[in-house]
Amino acid sequence: MAMNFLKSPKPNHRTGRLLIGAAFLHLILQQGALLADDAPPVTFSSKPGHVEILVGDRPFAIYVYQDEKIPRPYFCSVRAPDGTQVTRNHPPVKGTDLLDHATMHPGIWLAFGDISGADFWRNKARVAHERFVEEPVGKPGVGSFAVQNVYSAADDMVVCREIRRYTILVRPIGCFLLHDSEFYSDEGDFVFGDQEEMGLGVRMATPLIVKKGGRIANSDGLINEKGAWGRQAAWCDYSGVIGKRRYGITSMPYPENFRDSWFHARDYGLLAANPFGRNAFTRGGKSAVVVKKGERFKLRFGLLIYSTTSDNTTIPTLGYQEYLRLIGADRERSDPN
């Protein structure tokens with residue numbers, strides 16, 4: 001089914017809440033008012049091809065936008081608030097990590113196996129950084145930056161462009177990493193296809209994966225790959241225990257995305273939120289999301305990176321409630337399919 005986003009949705013109570021929530025989020029980001037002035041500051045250090053991100057005096061993540069081996073931007077070396085790494089080593093370390101998908105699963109990434117036939121997930125097409133729309137800026141408890149990316153097929157033909165904003169929010173429950181993308185083309189239509197390998201991906205640190213005793217759980221209480229794979233959910237969490245602490249990442253698709261996400265959740269450490277894979281996950285009708293020339297197609301996700309006591313499994317639920325408060329939305333959907 002093709003989906004056309006040229007027409008603006010009719011105003012309703014959900015749209016109104018979303019606009020109010022977006023305005024409020026913009027205001028608190030501008031004022032740096034998410035936390036008290038003594039909240040750990042988010043700071044950025046720009047290097048050739050990448051940006052190092054710190055929360056307080058601890059490394060939080062590295063945003064890489066130029067890499068000879070991986071032709072798309074990504075985050076690697078992502079850490080919980082106490083400094084423990086929660087994404088797989090990049091590159092994976094022989095004898096320590098599973099070595100599969102070394103260049104496809106670098107840490108956290110947004111990619112698509114099919115946009116107008118081009119494969120950006122498997123690195124057969126390129127997502128190139130064109131510029132910083134907004135340079136990295138940090139304050140106590142908050143930091144953000146925005147980039148413009150160009151998506152090009154293997155023959156260098158431009159498929160579309162994207163404005164992507166990242167926001168890091170420091171909360172008592174953990175650190176939120178918010179993704180806000182807007183795709184467009186002034187040259188022609190483009191189409192998001194239907195595959196398992198579409199959307200926001202996370203590759204967990206090896207000690208946290210199910211195969212090492214970790215745990216996948218979604219908002220409906222389904223557990224591990226057998227239960228959670230291919231299911232739509234408000235959120236899906238991947239966590240494991242190191243020492244006396246539980247470390248995890250909760251993936252939370254924006255409730256106002258065009259469709260709820262299915263989760264490509266694997267016991268070996270992959271967690272991907274995918275709103276495009278209707279046929280891939282359900283064997284239903286093929287999804288084809290058509291974005292017309294001049295149209296803007298928005299897609300948003302939130303991640304919560306956290307640590308807690310080893311026996312605490314409530315953080316994903318609490319984190320999602322906090323996420324909804326931050327974005328000013330709720331879980332009502334008139335069409336979950």
# chains A, B, ... in the order shown; residues from 1 in each chain; ligands from 1
>>> select_by_dssp(residues="segment 36-279 of chain A", states="strand (DSSP E)", output="number ranges by chain")
A: 42-47, 50-55, 58-64, 74-76, 108-112, 126-139, 142-152, 158-171, 174-184, 190-192, 198-203, 215-218, 236-242, 245-253, 262-265, 270-274
>>> select_by_dssp(residues="segment 172-335 of chain A", states="helix (DSSP H, G or I)", output="PyMOL selection string")
chain A and resi 206-208+210-212+224-228+278-282+315-327
>>> closest_residue(among="A:Asn149, A:Met204, A:Tyr184, A:Arg215", to="Ser77 of chain A", atoms="only C-alpha atoms")
A:Met204
>>> residues_around(residues="Pro253 of chain A", least_positions_apart="2", cutoff="9 Å", atoms="only C-alpha atoms", output="CSV table (one decimal) with N, CA and C atoms, in the first residue's frame")
chain,number,residue,atom,x,y,z
A,200,LEU,N,15.8,2.2,13.2
A,200,LEU,CA,16.8,2.5,14.2
A,200,LEU,C,17.3,1.2,14.8
A,233,ALA,N,5.3,-2.9,19.3
A,233,ALA,CA,5.2,-2.6,20.7
A,233,ALA,C,5.5,-1.1,20.9
A,234,ALA,N,5.0,-0.6,22.0
A,234,ALA,CA,5.3,0.8,22.3
A,234,ALA,C,6.8,1.0,22.6
A,235,TRP,N,7.5,0.0,23.2
A,235,TRP,CA,8.9,0.1,23.5
A,235,TRP,C,9.4,-1.4,23.6
A,251,SER,N,14.4,1.1,23.5
A,251,SER,CA,14.1,1.7,22.2
A,251,SER,C,12.6,2.1,22.2
A,255,PRO,N,5.3,7.9,19.3
A,255,PRO,CA,4.0,7.5,19.1
A,255,PRO,C,3.2,8.1,18.0
A,256,GLU,N,3.7,9.2,17.5
A,256,GLU,CA,3.0,9.9,16.3
A,256,GLU,C,3.7,9.6,15.0
A,257,ASN,N,4.6,8.6,15.0
A,257,ASN,CA,5.1,8.2,13.7
A,257,ASN,C,3.9,7.6,12.8
A,260,ASP,N,3.1,2.2,14.0
A,260,ASP,CA,3.9,1.6,15.1
A,260,ASP,C,5.0,0.7,14.5
A,261,SER,N,6.1,0.6,15.3
A,261,SER,CA,7.2,-0.2,14.9
A,261,SER,C,7.1,-1.6,15.3
A,273,ALA,N,14.1,-1.0,15.7
A,273,ALA,CA,12.7,-0.5,15.6
A,273,ALA,C,12.4,-0.2,14.2
A,274,ASN,N,11.4,-0.9,13.6
A,274,ASN,CA,11.1,-0.8,12.2
A,274,ASN,C,9.7,-0.6,11.9
A,275,PRO,N,9.2,0.6,11.5
A,275,PRO,CA,7.8,0.7,11.1
A,275,PRO,C,7.5,0.4,9.7
A,299,LEU,N,10.2,11.1,10.9
A,299,LEU,CA,10.4,9.8,11.6
A,299,LEU,C,11.2,10.1,12.8
A,300,ARG,N,10.7,9.7,14.0
A,300,ARG,CA,11.4,10.0,15.2
A,300,ARG,C,11.4,8.8,16.1
A,301,PHE,N,12.5,8.7,16.9
A,301,PHE,CA,12.7,7.7,17.9
A,301,PHE,C,13.4,8.2,19.1
A,302,GLY,N,13.2,7.5,20.3
A,302,GLY,CA,13.9,7.8,21.5
A,302,GLY,C,14.6,6.6,22.0
A,303,LEU,N,15.8,6.8,22.6
A,303,LEU,CA,16.5,5.7,23.2
A,303,LEU,C,16.8,6.2,24.7
>>> closest_residue(among="A:Ala272, A:Ile249, A:Ile168, A:Ile70", to="Ala128 of chain A", atoms="only C-alpha atoms")
A:Ile70
>>> atom_distance(atom1="atom CA of Asn123 of chain A", atom2="atom CA of Val191 of chain A")
18.1 Å
